[in-house]
Amino acid sequence: MELFAPVNKIIPFSLVDGPGSRCSIFLQGCNIACAYCHNPETQNLCRNCGLCVEQCPAGALQKLDGHVRWNKEACVQCDTCIHVCPHKASPKVEWLTPDDVFETVNSYQPFIRGITVSGGECMLHPDWMRELFSRCRAAGLGTLIDSNGCVDFTAHEDLLDVADGVMLDVKGWDPEVFRCLTTGDVSTVKRNLALLAERGKIEELRIVVVPERNDPEDTIAGIAQTLGEAVGTTKLKLIKFRPFGVVGELASATSPTDERMAELEQLAHDAGFATVEIR
Ligand code: SF4
Ligand code: SF4
């Protein structure tokens, strides 16, 4: 059976999605809803309500047989459809097979070192990713997963066999803090963290510091304890919350100060992390 995944965007060359120049593939649809999400339009699949169709200034949207169709060639990328969508979705999504994406990715050789699949939440499409990664590896390309950690990786260890590593978000540590910020279950993230550490598949860990909303001290300590000796060789990224693109209650929230970030950086070093990056 042919596999399809909803592809929101493919960035040919990115320097911020893992080591070296990489092609980044963003899938539409997420399994959680973070209060600080910077791309809320990637959270859900289109419900075909048709509201955006009439608003499109370029006639690039049409409703046919109950489905909204996007004409990529006619689209002028004004993002009006995204702004008017009440469902945190986008009509600008293509359902592609692993072969479709591989063909695109392969056309960027030899200018990329590998690919990174992100979201939304890419782990909602593990079989699709496994096929794409297998093709990329055979072509000499690296393969990274960028995940919120809220899908159980233990059910997809065959995907990890063909993935170089995972860039994993750890958005909080206390179950209630995590649930309030993301709607998700932190126990899955913790289980995944332990599994990835055991398999040597952590590319980097990331904590977004959101003032008064999450618990970075406990998160750093909890991660360090889970990693054990591997803490010294694991890269930790501490990311400042920024309200850019955020909708809802955190749209006007403030970023943490540089002093606060420096304090957390020191705490991370004290907990054993040798490589800590502030962003
Ligand atoms: S971004 Fe959306 S609204 Fe704008 S031209 Fe493209 S499909 Fe139409
Ligand atoms: S993108 Fe949003 S507004 Fe447009 S049809 Fe889909 S759900 Fe409706």
# chains A, B, ... in the order shown; residues from 1 in each chain; ligands from 1
>>> select_by_dssp(residues="range 30-246 of chain A", states="helix (DSSP H, G or I)", output="ChimeraX atom specification")
/A:40-42,80-84,98-106,122-124,126-138,153-161,175-182,186-199,216-233
>>> write_last_selection(atoms="C-alpha atoms", output="PDB file, in the first residue's frame")
ATOM      1  CA  PRO A  40      -0.299  27.389  14.860  1.00  0.00           C
ATOM      2  CA  GLU A  41      -1.488  26.920  11.271  1.00  0.00           C
ATOM      3  CA  THR A  42       0.421  23.615  11.185  1.00  0.00           C
ATOM      4  CA  THR A  80      -4.633  35.129   3.668  1.00  0.00           C
ATOM      5  CA  CYS A  81      -6.023  31.578   3.862  1.00  0.00           C
ATOM      6  CA  ILE A  82      -3.955  30.897   6.987  1.00  0.00           C
ATOM      7  CA  HIS A  83      -5.043  34.133   8.658  1.00  0.00           C
ATOM      8  CA  VAL A  84      -8.751  33.495   8.080  1.00  0.00           C
ATOM      9  CA  PRO A  98       8.235   9.001   0.342  1.00  0.00           C
ATOM     10  CA  ASP A  99       9.337   8.606  -3.288  1.00  0.00           C
ATOM     11  CA  ASP A 100       7.906  12.027  -4.207  1.00  0.00           C
ATOM     12  CA  VAL A 101       9.863  13.673  -1.395  1.00  0.00           C
ATOM     13  CA  PHE A 102      13.009  11.668  -2.055  1.00  0.00           C
ATOM     14  CA  GLU A 103      12.991  12.810  -5.671  1.00  0.00           C
ATOM     15  CA  THR A 104      12.900  16.450  -4.515  1.00  0.00           C
ATOM     16  CA  VAL A 105      15.523  15.913  -1.822  1.00  0.00           C
ATOM     17  CA  ASN A 106      17.827  14.069  -4.196  1.00  0.00           C
ATOM     18  CA  CYS A 122       6.342  14.079  12.109  1.00  0.00           C
ATOM     19  CA  MET A 123       6.143  10.998  14.371  1.00  0.00           C
ATOM     20  CA  LEU A 124       2.470  10.768  13.422  1.00  0.00           C
ATOM     21  CA  PRO A 126       6.465   6.781  11.251  1.00  0.00           C
ATOM     22  CA  ASP A 127       6.074   4.284   8.393  1.00  0.00           C
ATOM     23  CA  TRP A 128       6.233   7.051   5.807  1.00  0.00           C
ATOM     24  CA  MET A 129       9.386   8.426   7.450  1.00  0.00           C
ATOM     25  CA  ARG A 130      10.991   4.989   7.638  1.00  0.00           C
ATOM     26  CA  GLU A 131      10.615   4.585   3.870  1.00  0.00           C
ATOM     27  CA  LEU A 132      11.909   8.077   3.155  1.00  0.00           C
ATOM     28  CA  PHE A 133      14.877   7.633   5.498  1.00  0.00           C
ATOM     29  CA  SER A 134      15.789   4.263   3.975  1.00  0.00           C
ATOM     30  CA  ARG A 135      15.940   5.833   0.519  1.00  0.00           C
ATOM     31  CA  CYS A 136      17.966   8.797   1.815  1.00  0.00           C
ATOM     32  CA  ARG A 137      20.456   6.600   3.613  1.00  0.00           C
ATOM     33  CA  ALA A 138      20.974   4.477   0.524  1.00  0.00           C
ATOM     34  CA  PHE A 153       9.001   5.781  20.064  1.00  0.00           C
ATOM     35  CA  THR A 154       9.116   2.272  21.549  1.00  0.00           C
ATOM     36  CA  ALA A 155       6.473   1.268  19.004  1.00  0.00           C
ATOM     37  CA  HIS A 156       8.685   2.488  16.139  1.00  0.00           C
ATOM     38  CA  GLU A 157      12.177   1.204  16.842  1.00  0.00           C
ATOM     39  CA  ASP A 158      12.535   0.153  13.191  1.00  0.00           C
ATOM     40  CA  LEU A 159      12.338   3.845  12.302  1.00  0.00           C
ATOM     41  CA  LEU A 160      15.154   4.571  14.756  1.00  0.00           C
ATOM     42  CA  ASP A 161      17.250   1.952  12.947  1.00  0.00           C
ATOM     43  CA  PRO A 175       3.120  16.462  34.559  1.00  0.00           C
ATOM     44  CA  GLU A 176       0.688  19.286  35.348  1.00  0.00           C
ATOM     45  CA  VAL A 177       3.024  22.041  34.124  1.00  0.00           C
ATOM     46  CA  PHE A 178       3.578  20.082  30.913  1.00  0.00           C
ATOM     47  CA  ARG A 179      -0.127  19.400  30.391  1.00  0.00           C
ATOM     48  CA  CYS A 180      -1.114  23.047  30.938  1.00  0.00           C
ATOM     49  CA  LEU A 181       1.520  24.287  28.500  1.00  0.00           C
ATOM     50  CA  THR A 182       1.106  21.663  25.766  1.00  0.00           C
ATOM     51  CA  VAL A 186       5.057  14.177  29.732  1.00  0.00           C
ATOM     52  CA  SER A 187       5.392  10.506  30.691  1.00  0.00           C
ATOM     53  CA  THR A 188       5.671   9.635  26.966  1.00  0.00           C
ATOM     54  CA  VAL A 189       8.427  12.232  26.534  1.00  0.00           C
ATOM     55  CA  LYS A 190      10.311  10.845  29.523  1.00  0.00           C
ATOM     56  CA  ARG A 191      10.022   7.275  28.213  1.00  0.00           C
ATOM     57  CA  ASN A 192      11.262   8.404  24.793  1.00  0.00           C
ATOM     58  CA  LEU A 193      14.151  10.308  26.341  1.00  0.00           C
ATOM     59  CA  ALA A 194      15.311   7.178  28.169  1.00  0.00           C
ATOM     60  CA  LEU A 195      14.954   5.019  25.047  1.00  0.00           C
ATOM     61  CA  LEU A 196      16.828   7.456  22.814  1.00  0.00           C
ATOM     62  CA  ALA A 197      19.617   7.804  25.378  1.00  0.00           C
ATOM     63  CA  GLU A 198      19.937   4.018  25.608  1.00  0.00           C
ATOM     64  CA  ARG A 199      20.096   3.715  21.822  1.00  0.00           C
ATOM     65  CA  PRO A 216      13.345  24.651  33.240  1.00  0.00           C
ATOM     66  CA  GLU A 217      15.281  23.971  36.482  1.00  0.00           C
ATOM     67  CA  ASP A 218      13.385  20.736  37.111  1.00  0.00           C
ATOM     68  CA  THR A 219      13.559  19.850  33.418  1.00  0.00           C
ATOM     69  CA  ILE A 220      17.342  20.241  33.303  1.00  0.00           C
ATOM     70  CA  ALA A 221      17.740  18.190  36.494  1.00  0.00           C
ATOM     71  CA  GLY A 222      15.311  15.494  35.312  1.00  0.00           C
ATOM     72  CA  ILE A 223      16.986  15.150  31.932  1.00  0.00           C
ATOM     73  CA  ALA A 224      20.449  14.968  33.501  1.00  0.00           C
ATOM     74  CA  GLN A 225      19.315  12.230  35.850  1.00  0.00           C
ATOM     75  CA  THR A 226      17.733  10.251  33.006  1.00  0.00           C
ATOM     76  CA  LEU A 227      20.821  10.535  30.804  1.00  0.00           C
ATOM     77  CA  GLY A 228      23.284   9.495  33.505  1.00  0.00           C
ATOM     78  CA  GLU A 229      26.827   9.457  32.122  1.00  0.00           C
ATOM     79  CA  ALA A 230      25.575  10.427  28.650  1.00  0.00           C
ATOM     80  CA  VAL A 231      24.813  13.931  29.926  1.00  0.00           C
ATOM     81  CA  GLY A 232      28.387  15.032  29.201  1.00  0.00           C
ATOM     82  CA  THR A 233      28.097  14.228  25.506  1.00  0.00           C
TER      83      THR A 233
END
>>> residues_near_ligand(ligand="ligand 1", cutoff="12 Å", atoms="only C-alpha atoms and all ligand atoms", output="number ranges by chain")
A: 41, 50-62, 68-85, 89-93
>>> residues_around(residues="Thr254 in chain A", least_positions_apart="2", cutoff="12 Å", atoms="only C-alpha atoms", output="list in words")
Tyr36, Val209, Val210, Pro211, Glu212, Arg213, Lys240, Phe241, Arg242, Pro243, Phe244, Val246, Glu249, Leu250, Ala251, Ser252, Pro256 and Thr257 of chain A
>>> atom_distance(atom1="CA of Asp152 in chain A", atom2="CA of Gly184 in chain A")
12.2 Å
>>> closest_residue(among="A:Pro86, A:Gly20, A:Gly165, A:Pro6", to="ligand 2", atoms="only C-alpha atoms and all ligand atoms")
A:Pro86
>>> residues_around(residues="Asp258 in chain A", least_positions_apart="4", cutoff="12 Å", atoms="only C-alpha atoms", output="ChimeraX atom specification")
/A:209,238-241,262-265,278-279
>>> write_last_selection(atoms="N, CA and C atoms", output="PDB file, in the first residue's frame")
ATOM      1  N   VAL A 209      12.252  28.208  27.190  1.00  0.00           N
ATOM      2  CA  VAL A 209      12.055  28.810  28.509  1.00  0.00           C
ATOM      3  C   VAL A 209      10.916  29.832  28.410  1.00  0.00           C
ATOM      4  N   LEU A 238      18.941  25.764  25.001  1.00  0.00           N
ATOM      5  CA  LEU A 238      17.971  26.517  25.799  1.00  0.00           C
ATOM      6  C   LEU A 238      17.454  27.645  24.923  1.00  0.00           C
ATOM      7  N   ILE A 239      16.171  27.614  24.652  1.00  0.00           N
ATOM      8  CA  ILE A 239      15.592  28.556  23.687  1.00  0.00           C
ATOM      9  C   ILE A 239      14.701  29.565  24.404  1.00  0.00           C
ATOM     10  N   LYS A 240      14.962  30.832  24.127  1.00  0.00           N
ATOM     11  CA  LYS A 240      14.136  31.905  24.709  1.00  0.00           C
ATOM     12  C   LYS A 240      12.754  31.894  24.095  1.00  0.00           C
ATOM     13  N   PHE A 241      11.724  31.891  24.891  1.00  0.00           N
ATOM     14  CA  PHE A 241      10.381  32.112  24.348  1.00  0.00           C
ATOM     15  C   PHE A 241      10.343  33.477  23.691  1.00  0.00           C
ATOM     16  N   ALA A 262      21.344  33.047  31.197  1.00  0.00           N
ATOM     17  CA  ALA A 262      22.712  32.752  31.639  1.00  0.00           C
ATOM     18  C   ALA A 262      22.691  31.907  32.914  1.00  0.00           C
ATOM     19  N   GLU A 263      21.742  32.203  33.768  1.00  0.00           N
ATOM     20  CA  GLU A 263      21.571  31.445  35.026  1.00  0.00           C
ATOM     21  C   GLU A 263      21.260  29.971  34.708  1.00  0.00           C
ATOM     22  N   LEU A 264      20.371  29.767  33.746  1.00  0.00           N
ATOM     23  CA  LEU A 264      19.987  28.396  33.375  1.00  0.00           C
ATOM     24  C   LEU A 264      21.131  27.678  32.662  1.00  0.00           C
ATOM     25  N   GLU A 265      21.886  28.440  31.891  1.00  0.00           N
ATOM     26  CA  GLU A 265      23.040  27.848  31.212  1.00  0.00           C
ATOM     27  C   GLU A 265      24.028  27.303  32.245  1.00  0.00           C
ATOM     28  N   ILE A 278      22.521  28.714  23.805  1.00  0.00           N
ATOM     29  CA  ILE A 278      21.375  29.595  24.089  1.00  0.00           C
ATOM     30  C   ILE A 278      20.878  30.167  22.757  1.00  0.00           C
ATOM     31  N   ARG A 279      19.581  30.113  22.552  1.00  0.00           N
ATOM     32  CA  ARG A 279      19.033  30.706  21.314  1.00  0.00           C
ATOM     33  C   ARG A 279      17.873  31.611  21.601  1.00  0.00           C
TER      34      ARG A 279
END
>>> atom_distance(atom1="CA of Thr143 in chain A", atom2="CA of Thr183 in chain A")
28.4 Å
>>> select_by_dssp(residues="range 50-99 of chain A", states="strand (DSSP E)", output="PyMOL selection string")
chain A and resi 61-64+67-70+94-96
>>> closest_residue(among="A:His38, A:Arg113, A:Arg206, A:His67", to="ligand 2", atoms="only C-alpha atoms and all ligand atoms")
A:His67
>>> residues_around(residues="Thr116 in chain A", least_positions_apart="4", cutoff="7 Å", atoms="only C-alpha atoms", output="VMD selection string")
chain A and resid 17 22 to 25 143 to 146
>>> write_last_selection(atoms="N, CA and C atoms", output="mmCIF file, in the first residue's frame")
data_model
loop_
_atom_site.group_PDB
_atom_site.id
_atom_site.type_symbol
_atom_site.label_atom_id
_atom_site.label_comp_id
_atom_site.auth_asym_id
_atom_site.auth_seq_id
_atom_site.Cartn_x
_atom_site.Cartn_y
_atom_site.Cartn_z
ATOM 1 N N ASP A 17 18.465 23.273 11.243
ATOM 2 C CA ASP A 17 17.716 22.052 11.559
ATOM 3 C C ASP A 17 18.629 20.842 11.648
ATOM 4 N N ARG A 22 20.964 21.253 5.368
ATOM 5 C CA ARG A 22 20.003 20.143 5.319
ATOM 6 C C ARG A 22 18.737 20.574 4.605
ATOM 7 N N CYS A 23 18.090 19.615 4.012
ATOM 8 C CA CYS A 23 16.751 19.848 3.476
ATOM 9 C C CYS A 23 15.759 19.540 4.607
ATOM 10 N N SER A 24 14.884 20.512 4.892
ATOM 11 C CA SER A 24 13.922 20.316 5.990
ATOM 12 C C SER A 24 12.528 20.105 5.434
ATOM 13 N N ILE A 25 11.885 19.063 5.932
ATOM 14 C CA ILE A 25 10.545 18.717 5.465
ATOM 15 C C ILE A 25 9.578 18.875 6.638
ATOM 16 N N THR A 143 19.862 11.465 8.236
ATOM 17 C CA THR A 143 18.413 11.468 8.506
ATOM 18 C C THR A 143 18.142 11.833 9.959
ATOM 19 N N LEU A 144 17.457 12.939 10.170
ATOM 20 C CA LEU A 144 17.130 13.366 11.532
ATOM 21 C C LEU A 144 15.625 13.556 11.698
ATOM 22 N N ILE A 145 15.161 13.268 12.912
ATOM 23 C CA ILE A 145 13.754 13.473 13.288
ATOM 24 C C ILE A 145 13.713 14.657 14.248
ATOM 25 N N ASP A 146 12.783 15.572 14.030
ATOM 26 C CA ASP A 146 12.574 16.698 14.939
ATOM 27 C C ASP A 146 11.197 16.483 15.568
#
>>> atom_distance(atom1="CA of Thr275 in chain A", atom2="CA of Val16 in chain A")
16.5 Å
>>> closest_residue(among="A:Ala271, A:Cys49, A:Ala253, A:Leu236", to="ligand 2", atoms="only C-alpha atoms and all ligand atoms")
A:Cys49
>>> closest_residue(among="A:Leu3, A:Gly120, A:Pro12, A:Glu204", to="Cys30 in chain A", atoms="only C-alpha atoms")
A:Gly120
>>> closest_residue(among="A:Gln28, A:Ser147, A:Gly172, A:Leu267", to="Ile202 in chain A", atoms="only C-alpha atoms")
A:Ser147
>>> decode(residues="range 259-274 of chain A", atoms="all heavy atoms", output="PDB file, in the first residue's frame")
ATOM      1  N   GLU A 259      19.886  37.538  31.576  1.00  0.00           N
ATOM      2  CA  GLU A 259      20.419  37.094  32.871  1.00  0.00           C
ATOM      3  C   GLU A 259      19.802  35.739  33.258  1.00  0.00           C
ATOM      4  O   GLU A 259      20.482  34.841  33.731  1.00  0.00           O
ATOM      5  CB  GLU A 259      20.104  38.123  33.974  1.00  0.00           C
ATOM      6  CG  GLU A 259      20.855  39.437  33.860  1.00  0.00           C
ATOM      7  CD  GLU A 259      20.389  40.306  32.694  1.00  0.00           C
ATOM      8  OE1 GLU A 259      19.217  40.178  32.271  1.00  0.00           O
ATOM      9  OE2 GLU A 259      21.215  41.091  32.188  1.00  0.00           O
ATOM     10  N   ARG A 260      18.512  35.629  33.043  1.00  0.00           N
ATOM     11  CA  ARG A 260      17.807  34.376  33.361  1.00  0.00           C
ATOM     12  C   ARG A 260      18.365  33.219  32.517  1.00  0.00           C
ATOM     13  O   ARG A 260      18.596  32.123  33.012  1.00  0.00           O
ATOM     14  CB  ARG A 260      16.308  34.573  33.082  1.00  0.00           C
ATOM     15  CG  ARG A 260      15.463  33.321  33.103  1.00  0.00           C
ATOM     16  CD  ARG A 260      15.297  32.782  34.496  1.00  0.00           C
ATOM     17  NE  ARG A 260      14.307  31.725  34.527  1.00  0.00           N
ATOM     18  CZ  ARG A 260      14.394  30.654  35.306  1.00  0.00           C
ATOM     19  NH1 ARG A 260      15.413  30.537  36.137  1.00  0.00           N
ATOM     20  NH2 ARG A 260      13.458  29.748  35.296  1.00  0.00           N
ATOM     21  N   MET A 261      18.620  33.503  31.236  1.00  0.00           N
ATOM     22  CA  MET A 261      19.130  32.448  30.358  1.00  0.00           C
ATOM     23  C   MET A 261      20.543  32.045  30.795  1.00  0.00           C
ATOM     24  O   MET A 261      20.896  30.858  30.771  1.00  0.00           O
ATOM     25  CB  MET A 261      19.128  32.918  28.895  1.00  0.00           C
ATOM     26  CG  MET A 261      17.744  33.225  28.331  1.00  0.00           C
ATOM     27  SD  MET A 261      16.539  31.871  28.443  1.00  0.00           S
ATOM     28  CE  MET A 261      17.145  30.721  27.211  1.00  0.00           C
ATOM     29  N   ALA A 262      21.344  33.047  31.197  1.00  0.00           N
ATOM     30  CA  ALA A 262      22.712  32.752  31.639  1.00  0.00           C
ATOM     31  C   ALA A 262      22.691  31.907  32.914  1.00  0.00           C
ATOM     32  O   ALA A 262      23.513  30.995  33.110  1.00  0.00           O
ATOM     33  CB  ALA A 262      23.466  34.062  31.877  1.00  0.00           C
ATOM     34  N   GLU A 263      21.742  32.203  33.768  1.00  0.00           N
ATOM     35  CA  GLU A 263      21.571  31.445  35.026  1.00  0.00           C
ATOM     36  C   GLU A 263      21.260  29.971  34.708  1.00  0.00           C
ATOM     37  O   GLU A 263      21.841  29.053  35.290  1.00  0.00           O
ATOM     38  CB  GLU A 263      20.381  32.085  35.732  1.00  0.00           C
ATOM     39  CG  GLU A 263      20.212  31.885  37.200  1.00  0.00           C
ATOM     40  CD  GLU A 263      18.949  32.659  37.612  1.00  0.00           C
ATOM     41  OE1 GLU A 263      19.043  33.886  37.757  1.00  0.00           O
ATOM     42  OE2 GLU A 263      17.883  32.033  37.774  1.00  0.00           O
ATOM     43  N   LEU A 264      20.371  29.767  33.746  1.00  0.00           N
ATOM     44  CA  LEU A 264      19.987  28.396  33.375  1.00  0.00           C
ATOM     45  C   LEU A 264      21.131  27.678  32.662  1.00  0.00           C
ATOM     46  O   LEU A 264      21.323  26.468  32.836  1.00  0.00           O
ATOM     47  CB  LEU A 264      18.735  28.418  32.490  1.00  0.00           C
ATOM     48  CG  LEU A 264      17.452  28.847  33.206  1.00  0.00           C
ATOM     49  CD1 LEU A 264      16.314  29.063  32.211  1.00  0.00           C
ATOM     50  CD2 LEU A 264      17.035  27.804  34.255  1.00  0.00           C
ATOM     51  N   GLU A 265      21.886  28.440  31.891  1.00  0.00           N
ATOM     52  CA  GLU A 265      23.040  27.848  31.212  1.00  0.00           C
ATOM     53  C   GLU A 265      24.028  27.303  32.245  1.00  0.00           C
ATOM     54  O   GLU A 265      24.526  26.184  32.144  1.00  0.00           O
ATOM     55  CB  GLU A 265      23.721  28.905  30.327  1.00  0.00           C
ATOM     56  CG  GLU A 265      24.910  28.366  29.556  1.00  0.00           C
ATOM     57  CD  GLU A 265      25.588  29.437  28.705  1.00  0.00           C
ATOM     58  OE1 GLU A 265      25.247  30.634  28.857  1.00  0.00           O
ATOM     59  OE2 GLU A 265      26.447  29.070  27.899  1.00  0.00           O
ATOM     60  N   GLN A 266      24.278  28.115  33.282  1.00  0.00           N
ATOM     61  CA  GLN A 266      25.202  27.691  34.331  1.00  0.00           C
ATOM     62  C   GLN A 266      24.662  26.450  35.057  1.00  0.00           C
ATOM     63  O   GLN A 266      25.395  25.498  35.341  1.00  0.00           O
ATOM     64  CB  GLN A 266      25.417  28.851  35.322  1.00  0.00           C
ATOM     65  CG  GLN A 266      26.471  28.557  36.378  1.00  0.00           C
ATOM     66  CD  GLN A 266      27.821  28.188  35.760  1.00  0.00           C
ATOM     67  OE1 GLN A 266      28.337  28.919  34.926  1.00  0.00           O
ATOM     68  NE2 GLN A 266      28.371  27.030  36.132  1.00  0.00           N
ATOM     69  N   LEU A 267      23.369  26.478  35.318  1.00  0.00           N
ATOM     70  CA  LEU A 267      22.727  25.335  35.984  1.00  0.00           C
ATOM     71  C   LEU A 267      22.898  24.060  35.159  1.00  0.00           C
ATOM     72  O   LEU A 267      23.165  22.979  35.698  1.00  0.00           O
ATOM     73  CB  LEU A 267      21.230  25.651  36.163  1.00  0.00           C
ATOM     74  CG  LEU A 267      20.469  24.720  37.066  1.00  0.00           C
ATOM     75  CD1 LEU A 267      20.692  25.109  38.515  1.00  0.00           C
ATOM     76  CD2 LEU A 267      18.966  24.788  36.752  1.00  0.00           C
ATOM     77  N   ALA A 268      22.764  24.209  33.834  1.00  0.00           N
ATOM     78  CA  ALA A 268      22.908  23.045  32.952  1.00  0.00           C
ATOM     79  C   ALA A 268      24.350  22.525  32.996  1.00  0.00           C
ATOM     80  O   ALA A 268      24.579  21.309  33.057  1.00  0.00           O
ATOM     81  CB  ALA A 268      22.504  23.415  31.533  1.00  0.00           C
ATOM     82  N   HIS A 269      25.310  23.446  32.984  1.00  0.00           N
ATOM     83  CA  HIS A 269      26.713  23.005  33.085  1.00  0.00           C
ATOM     84  C   HIS A 269      26.939  22.298  34.418  1.00  0.00           C
ATOM     85  O   HIS A 269      27.600  21.259  34.484  1.00  0.00           O
ATOM     86  CB  HIS A 269      27.662  24.201  32.946  1.00  0.00           C
ATOM     87  CG  HIS A 269      27.800  24.693  31.532  1.00  0.00           C
ATOM     88  ND1 HIS A 269      28.131  23.864  30.485  1.00  0.00           N
ATOM     89  CD2 HIS A 269      27.640  25.926  30.992  1.00  0.00           C
ATOM     90  CE1 HIS A 269      28.179  24.561  29.354  1.00  0.00           C
ATOM     91  NE2 HIS A 269      27.879  25.826  29.636  1.00  0.00           N
ATOM     92  N   ASP A 270      26.384  22.854  35.483  1.00  0.00           N
ATOM     93  CA  ASP A 270      26.541  22.243  36.810  1.00  0.00           C
ATOM     94  C   ASP A 270      25.933  20.837  36.851  1.00  0.00           C
ATOM     95  O   ASP A 270      26.388  19.964  37.578  1.00  0.00           O
ATOM     96  CB  ASP A 270      25.864  23.110  37.888  1.00  0.00           C
ATOM     97  CG  ASP A 270      26.578  24.452  38.066  1.00  0.00           C
ATOM     98  OD1 ASP A 270      27.714  24.584  37.552  1.00  0.00           O
ATOM     99  OD2 ASP A 270      25.989  25.359  38.694  1.00  0.00           O
ATOM    100  N   ALA A 271      24.879  20.648  36.035  1.00  0.00           N
ATOM    101  CA  ALA A 271      24.221  19.324  36.011  1.00  0.00           C
ATOM    102  C   ALA A 271      24.984  18.333  35.134  1.00  0.00           C
ATOM    103  O   ALA A 271      24.628  17.151  35.078  1.00  0.00           O
ATOM    104  CB  ALA A 271      22.789  19.472  35.494  1.00  0.00           C
ATOM    105  N   GLY A 272      26.032  18.815  34.430  1.00  0.00           N
ATOM    106  CA  GLY A 272      26.887  17.902  33.670  1.00  0.00           C
ATOM    107  C   GLY A 272      26.880  18.097  32.164  1.00  0.00           C
ATOM    108  O   GLY A 272      27.658  17.464  31.452  1.00  0.00           O
ATOM    109  N   PHE A 273      26.016  18.972  31.646  1.00  0.00           N
ATOM    110  CA  PHE A 273      26.015  19.210  30.196  1.00  0.00           C
ATOM    111  C   PHE A 273      27.273  19.980  29.807  1.00  0.00           C
ATOM    112  O   PHE A 273      27.517  21.071  30.337  1.00  0.00           O
ATOM    113  CB  PHE A 273      24.793  20.029  29.769  1.00  0.00           C
ATOM    114  CG  PHE A 273      23.503  19.257  29.804  1.00  0.00           C
ATOM    115  CD1 PHE A 273      22.668  19.320  30.911  1.00  0.00           C
ATOM    116  CD2 PHE A 273      23.129  18.463  28.713  1.00  0.00           C
ATOM    117  CE1 PHE A 273      21.480  18.604  30.954  1.00  0.00           C
ATOM    118  CE2 PHE A 273      21.941  17.748  28.747  1.00  0.00           C
ATOM    119  CZ  PHE A 273      21.109  17.816  29.857  1.00  0.00           C
ATOM    120  N   ALA A 274      28.039  19.427  28.855  1.00  0.00           N
ATOM    121  CA  ALA A 274      29.237  20.149  28.404  1.00  0.00           C
ATOM    122  C   ALA A 274      28.854  21.155  27.326  1.00  0.00           C
ATOM    123  O   ALA A 274      29.431  22.232  27.244  1.00  0.00           O
ATOM    124  CB  ALA A 274      30.253  19.148  27.852  1.00  0.00           C
TER     125      ALA A 274
END
